[in-house]
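Enquirer: Below is structure.cif; it holds mmCIF, C-alpha atoms and all ligand atoms.
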```
data_work
loop_
_atom_site.label_atom_id
_atom_site.label_comp_id
_atom_site.auth_asym_id
_atom_site.auth_seq_id
_atom_site.Cartn_x
_atom_site.Cartn_y
_atom_site.Cartn_z
CA MET D 1 28.57 -6.96 6.52
CA ASN D 2 25.65 -6.03 8.73
CA THR D 3 22.59 -7.91 7.45
CA GLU D 4 19.99 -6.96 10.05
CA LEU D 5 18.07 -4.81 7.58
CA LEU D 6 18.29 -7.50 4.92
CA SER D 7 16.73 -10.01 7.33
CA LEU D 8 13.96 -7.55 7.99
CA LEU D 9 13.40 -6.98 4.27
CA LYS D 10 13.07 -10.75 3.85
CA LYS D 11 10.48 -10.80 6.62
CA ARG D 12 8.22 -8.46 4.60
CA ARG D 13 6.00 -10.47 2.30
CA SER D 14 2.55 -10.17 0.77
CA ILE D 15 0.39 -11.84 3.41
CA TYR D 16 -3.07 -12.69 2.10
CA ASN D 17 -4.42 -14.60 5.09
CA LEU D 18 -4.82 -11.77 7.57
CA GLY D 19 -6.77 -11.62 10.81
CA LYS D 20 -7.77 -9.33 13.65
CA ASN D 21 -5.50 -10.77 16.36
CA VAL D 22 -3.30 -7.71 16.64
CA THR D 23 -1.89 -6.94 20.10
CA ALA D 24 -0.35 -3.53 19.36
CA SER D 25 -2.68 -0.61 20.01
CA ASP D 26 -4.08 1.45 17.13
CA ASP D 27 -2.10 4.45 18.36
CA GLU D 28 1.15 2.45 18.37
CA ILE D 29 0.52 1.24 14.83
CA VAL D 30 -0.36 4.72 13.58
CA ASP D 31 2.74 6.18 15.23
CA LEU D 32 4.97 3.47 13.74
CA VAL D 33 3.64 3.87 10.20
CA GLU D 34 3.54 7.66 10.33
CA ASN D 35 7.20 7.69 11.34
CA ALA D 36 8.11 5.16 8.64
CA ILE D 37 6.46 7.35 6.01
CA GLN D 38 8.00 10.51 7.44
CA GLU D 39 11.50 9.01 7.23
CA SER D 40 11.01 7.98 3.59
CA PRO D 41 12.80 9.99 0.89
CA SER D 42 11.04 12.16 -1.69
CA ALA D 43 12.33 14.38 -4.50
CA PHE D 44 13.22 17.87 -3.22
CA ASN D 45 11.93 16.56 0.14
CA SER D 46 8.50 17.31 -1.30
CA GLN D 47 6.76 14.77 1.00
CA THR D 48 4.00 14.12 -1.52
CA THR D 49 2.72 10.90 0.07
CA ARG D 50 -0.38 11.02 2.26
CA ALA D 51 -1.89 8.17 4.26
CA VAL D 52 -5.31 7.51 5.78
CA PHE D 53 -5.69 4.87 8.50
CA LEU D 54 -9.02 3.07 8.55
CA PHE D 55 -9.87 1.07 11.67
CA GLY D 56 -12.98 -0.77 12.82
CA GLU D 57 -16.18 0.04 10.93
CA ASN D 58 -14.31 2.39 8.58
CA HIS D 59 -12.06 -0.48 7.48
CA ASP D 60 -15.18 -2.60 6.93
CA LYS D 61 -16.85 0.23 5.01
CA LEU D 62 -13.92 0.48 2.59
CA TRP D 63 -14.06 -3.19 1.63
CA ASP D 64 -17.89 -3.03 1.35
CA ILE D 65 -17.43 -0.15 -1.10
CA VAL D 66 -14.90 -2.18 -3.10
CA VAL D 67 -17.01 -5.32 -3.31
CA ASP D 68 -20.14 -3.35 -4.33
CA ARG D 69 -18.23 -1.34 -6.92
CA LEU D 70 -16.70 -4.47 -8.48
CA LYS D 71 -20.10 -6.09 -9.06
CA SER D 72 -20.69 -4.22 -12.34
CA GLU D 73 -17.13 -4.93 -13.52
CA VAL D 74 -17.15 -8.70 -13.11
CA PRO D 75 -18.61 -10.58 -16.12
CA THR D 76 -20.37 -13.52 -14.46
CA GLU D 77 -21.99 -14.46 -11.17
CA ALA D 78 -19.37 -17.22 -10.69
CA ALA D 79 -16.54 -14.75 -11.19
CA TYR D 80 -18.20 -12.38 -8.75
CA GLU D 81 -18.33 -15.12 -6.11
CA LYS D 82 -14.52 -15.38 -6.42
CA THR D 83 -14.18 -11.62 -6.21
CA LYS D 84 -16.35 -11.55 -3.11
CA ALA D 85 -14.16 -14.17 -1.42
CA LYS D 86 -11.03 -12.19 -2.26
CA ILE D 87 -12.43 -8.93 -0.91
CA ALA D 88 -13.66 -10.76 2.20
CA SER D 89 -10.03 -11.78 2.86
CA PHE D 90 -9.06 -8.09 2.92
CA LYS D 91 -12.03 -7.21 5.12
CA ALA D 92 -10.94 -10.00 7.51
CA ALA D 93 -7.75 -8.00 8.18
CA TYR D 94 -7.52 -5.70 11.18
CA ALA D 95 -7.32 -2.34 9.42
CA THR D 96 -6.32 -0.66 6.14
CA ILE D 97 -3.96 2.12 5.13
CA LEU D 98 -4.92 4.17 2.07
CA TYR D 99 -1.98 5.75 0.29
CA TYR D 100 -2.43 9.01 -1.58
CA THR D 101 -0.34 11.52 -3.53
CA ASP D 102 -1.00 15.21 -2.95
CA THR D 103 -1.34 16.41 -6.55
CA ASP D 104 -1.28 20.10 -5.52
CA VAL D 105 2.29 19.64 -4.33
CA VAL D 106 3.25 17.91 -7.58
CA LYS D 107 1.61 20.67 -9.67
CA LYS D 108 3.38 23.40 -7.71
CA LEU D 109 6.76 21.72 -8.24
CA GLU D 110 6.03 21.40 -11.97
CA LYS D 111 5.26 25.11 -12.10
CA ASP D 112 8.15 26.25 -9.91
CA PHE D 113 10.82 24.06 -11.55
CA PRO D 114 9.95 23.86 -15.28
CA LEU D 115 13.28 22.24 -16.07
CA TYR D 116 12.22 19.15 -14.11
CA ALA D 117 8.50 19.42 -14.80
CA ASP D 118 8.32 16.08 -16.61
CA ASN D 119 9.85 14.29 -13.63
CA PHE D 120 7.74 15.38 -10.70
CA TYR D 121 4.86 12.97 -11.14
CA ASP D 122 7.25 10.04 -11.61
CA TRP D 123 9.17 11.14 -8.57
CA SER D 124 5.99 11.25 -6.50
CA GLU D 125 5.38 7.63 -7.53
CA GLN D 126 8.90 6.70 -6.47
CA ALA D 127 8.28 8.42 -3.14
CA GLN D 128 5.07 6.36 -2.86
CA GLY D 129 7.12 3.21 -3.34
CA SER D 130 9.61 4.21 -0.67
CA ALA D 131 6.92 5.15 1.83
CA THR D 132 4.83 2.06 1.15
CA LEU D 133 7.81 -0.24 1.51
CA ASN D 134 8.97 1.37 4.75
CA ALA D 135 5.48 1.16 6.24
CA TRP D 136 5.17 -2.48 5.13
CA VAL D 137 8.59 -3.41 6.57
CA SER D 138 7.86 -1.60 9.85
CA LEU D 139 4.65 -3.60 10.22
CA ALA D 140 6.52 -6.83 9.40
CA ASP D 141 9.14 -5.95 12.02
CA ASN D 142 6.30 -5.98 14.55
CA GLY D 143 4.82 -9.28 13.40
CA ILE D 144 1.97 -7.58 11.54
CA GLY D 145 1.24 -8.88 8.04
CA ALA D 146 0.07 -6.76 5.10
CA ASN D 147 -0.53 -6.80 1.37
CA LEU D 148 -0.90 -4.09 -1.24
CA GLN D 149 -4.00 -3.67 -3.41
CA HIS D 150 -4.94 -1.32 -6.24
CA TYR D 151 -8.67 -0.91 -6.69
CA ASN D 152 -8.04 2.69 -7.68
CA PRO D 153 -9.16 4.43 -9.81
CA ILE D 154 -12.60 2.81 -9.91
CA ILE D 155 -13.21 3.34 -6.19
CA ASP D 156 -11.67 6.83 -5.92
CA ASP D 157 -14.82 8.95 -5.87
CA LEU D 158 -16.73 6.61 -3.57
CA VAL D 159 -13.81 6.50 -1.11
CA LYS D 160 -13.33 10.26 -1.31
CA ASP D 161 -16.97 10.81 -0.33
CA ALA D 162 -17.02 8.11 2.34
CA PHE D 163 -13.96 9.37 4.21
CA ASN D 164 -13.95 13.08 3.36
CA ILE D 165 -10.67 12.91 1.43
CA PRO D 166 -9.36 16.20 -0.04
CA ALA D 167 -10.08 16.54 -3.77
CA ASN D 168 -6.39 17.03 -4.59
CA TRP D 169 -5.33 13.70 -3.03
CA ARG D 170 -4.99 10.94 -5.64
CA LEU D 171 -5.48 7.39 -4.39
CA ARG D 172 -2.45 5.19 -5.16
CA GLY D 173 -2.90 2.01 -3.09
CA GLN D 174 -4.76 0.17 -0.35
CA MET D 175 -2.88 -1.83 2.28
CA PRO D 176 -4.93 -4.14 4.49
CA PHE D 177 -2.93 -5.32 7.51
CA GLY D 178 -3.44 -7.59 10.49
CA SER D 179 -2.34 -10.74 12.24
CA ILE D 180 -0.55 -13.32 10.09
CA GLU D 181 -2.96 -16.25 9.94
CA ALA D 182 -0.95 -18.14 7.30
CA PRO D 183 2.56 -17.47 5.98
CA ALA D 184 3.29 -16.16 2.49
CA GLY D 185 3.80 -18.67 -0.31
CA SER D 186 7.19 -19.39 -1.83
CA LYS D 187 8.76 -16.66 -3.91
CA GLU D 188 10.68 -17.02 -7.13
CA TYR D 189 13.72 -14.91 -7.82
CA MET D 190 15.23 -14.07 -11.18
CA ASP D 191 18.73 -15.21 -11.80
CA LYS D 192 21.06 -12.50 -10.50
CA VAL D 193 23.17 -12.55 -13.67
CA ASP D 194 20.12 -11.46 -15.70
CA ARG D 195 19.41 -8.65 -13.31
CA PHE D 196 22.62 -7.10 -12.14
CA LYS D 197 25.84 -5.96 -13.74
CA VAL D 198 28.93 -5.42 -11.64
CA ILE D 199 31.48 -3.42 -13.53
CA LYS D 200 34.86 -3.09 -11.83
C1 LIG A 1 3.79 -1.33 -7.16
C2 LIG A 1 3.21 -2.63 -6.67
C3 LIG A 1 1.92 -2.96 -6.99
C4 LIG A 1 1.34 -4.14 -6.48
N1 LIG A 1 0.01 -4.38 -6.69
C5 LIG A 1 -0.55 -5.45 -6.12
C6 LIG A 1 -1.97 -5.66 -6.22
O1 LIG A 1 -2.70 -4.85 -6.80
N2 LIG A 1 -2.48 -6.78 -5.67
C7 LIG A 1 -1.71 -7.68 -4.98
O2 LIG A 1 -2.24 -8.66 -4.47
N3 LIG A 1 -0.38 -7.49 -4.85
C8 LIG A 1 0.21 -6.40 -5.39
N4 LIG A 1 1.54 -6.17 -5.22
C9 LIG A 1 2.36 -7.16 -4.47
C10 LIG A 1 3.24 -7.98 -5.40
O3 LIG A 1 2.47 -8.86 -6.15
C11 LIG A 1 4.27 -8.70 -4.53
O4 LIG A 1 5.03 -7.74 -3.82
C12 LIG A 1 5.21 -9.58 -5.33
O5 LIG A 1 4.52 -10.65 -5.94
C13 LIG A 1 6.33 -10.17 -4.48
O6 LIG A 1 5.81 -10.86 -3.35
P1 LIG A 1 6.13 -10.42 -1.86
O7 LIG A 1 5.44 -9.10 -1.61
O8 LIG A 1 5.60 -11.51 -1.00
O9 LIG A 1 7.62 -10.27 -1.72
C14 LIG A 1 2.13 -5.02 -5.70
C15 LIG A 1 3.46 -4.68 -5.42
C16 LIG A 1 3.98 -3.50 -5.87
C17 LIG A 1 5.40 -3.14 -5.50
#
```
Show me, as structure tokens, the structure contained in the file I just sent.
Ligand SMILES: Cc1cc2nc3c(=O)[nH]c(=O)nc-3n(C[C@H](O)[C@H](O)[C@H](O)COP(=O)(O)O)c2cc1C
Expert:
Amino acid sequence: MNTELLSLLKKRRSIYNLGKNVTASDDEIVDLVENAIQESPSAFNSQTTRAVFLFGENHDKLWDIVVDRLKSEVPTEAAYEKTKAKIASFKAAYATILYYTDTDVVKKLEKDFPLYADNFYDWSEQAQGSATLNAWVSLADNGIGANLQHYNPIIDDLVKDAFNIPANWRLRGQMPFGSIEAPAGSKEYMDKVDRFKVIK
């Protein structure tokens, strides 16, 4: 069996120690990730996933928004110090991709295909997963580390205003990426017999 893709999938990990030592140009990265998202499947080829690339001061601005917004959510000053350190690790990355779902497209599908109406939002989430994974793997293939964060929905309005995001785009994830300054930790796997059934 050909296992090239499998090796690549194993290369993709959540990298939390990210830096700015990226040699690829911003345009190359954008092109790579745009293509990875474009090649990802979606129900009815509805292409509901949107992405916003934040570089330089815009990347910094995002993580400043997050750390400020979290202040009122964290119960103690000591806990907030930990939060600040965590957010600083994302800000230390090179750039961030924001992932969105275009809810207008989902609503139109629900209206146009009432038989499947209950499925379209779930399918948009599955399309998010496909797109996010493909982007993540494409970055890993190029030696660029990434992780996936979810500070939505508490940051949604602030981010929408800061980056002029359309009102019908719903924020689904934040992916800081950059140079791999330390490898991922070990990963535990469930026993395959508890997870898979092969019925012949
Ligand atoms: C849908 C989804 C949501 C996730 N949310 C977060 C998150 O909010 N914060 C985070 O640090 N990691 C998040 N992760 C990363 C997982 O924790 C990680 O993929 C998992 O522990 C396996 O580790 P690996 O990515 O190194 O293979 C998320 C992953 C997925 C697929």
Enquirer: Measuring atom to atom with all atoms listed in the file, identify which of D:Val52, D:Val66, D:Ile29, D:Leu133 is nearest to ligand LIG 1 (chain A).
Expert: D:Leu133
Enquirer: Write out as a PyMOL selection string each polymer residue (protein, DNA or RNA) that has an atom no more than 7 Å from ligand LIG 1 (chain A), with all atoms listed in the file counted.
Expert: chain D and resi 12-15+129+147-150+184+187
Enquirer: Suppose we keep C-alpha atoms; can you now write the selection as a compact mmCIF listing (two decimals), keeping the file's coordinate frame?
Expert:
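Saved to selection_26.txt:
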```txt
# COMPACT_ATOMS: atom_id res chain seq x y z
CA ARG D 12 8.22 -8.46 4.60
CA ARG D 13 6.00 -10.47 2.30
CA SER D 14 2.55 -10.17 0.77
CA ILE D 15 0.39 -11.84 3.41
CA GLY D 129 7.12 3.21 -3.34
CA ASN D 147 -0.53 -6.80 1.37
CA LEU D 148 -0.90 -4.09 -1.24
CA GLN D 149 -4.00 -3.67 -3.41
CA HIS D 150 -4.94 -1.32 -6.24
CA ALA D 184 3.29 -16.16 2.49
CA LYS D 187 8.76 -16.66 -3.91
```
Enquirer: Residues within 9 Å of Thr103 of chain D, please, as a ChimeraX atom specification. Count only C-alpha atoms; anything in the same chain fewer than 5 positions from it doesn't count.
Expert: /D:48,108,121,124,168-170
Enquirer: Report the distance between atom CA of Ala95 of chain D and atom CA of Gly56 of chain D in Å, rounded to one decimal place.
Expert: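 Answer for the atom CA of Ala95 of chain D to atom CA of Gly56 of chain D separation: 6.8 Å.
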Enquirer: Interatomic distance between atom CA of Thr49 of chain D and atom CA of Ala36 of chain D?
Expert: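 That distance, rounded to one decimal, is 11.6 Å.
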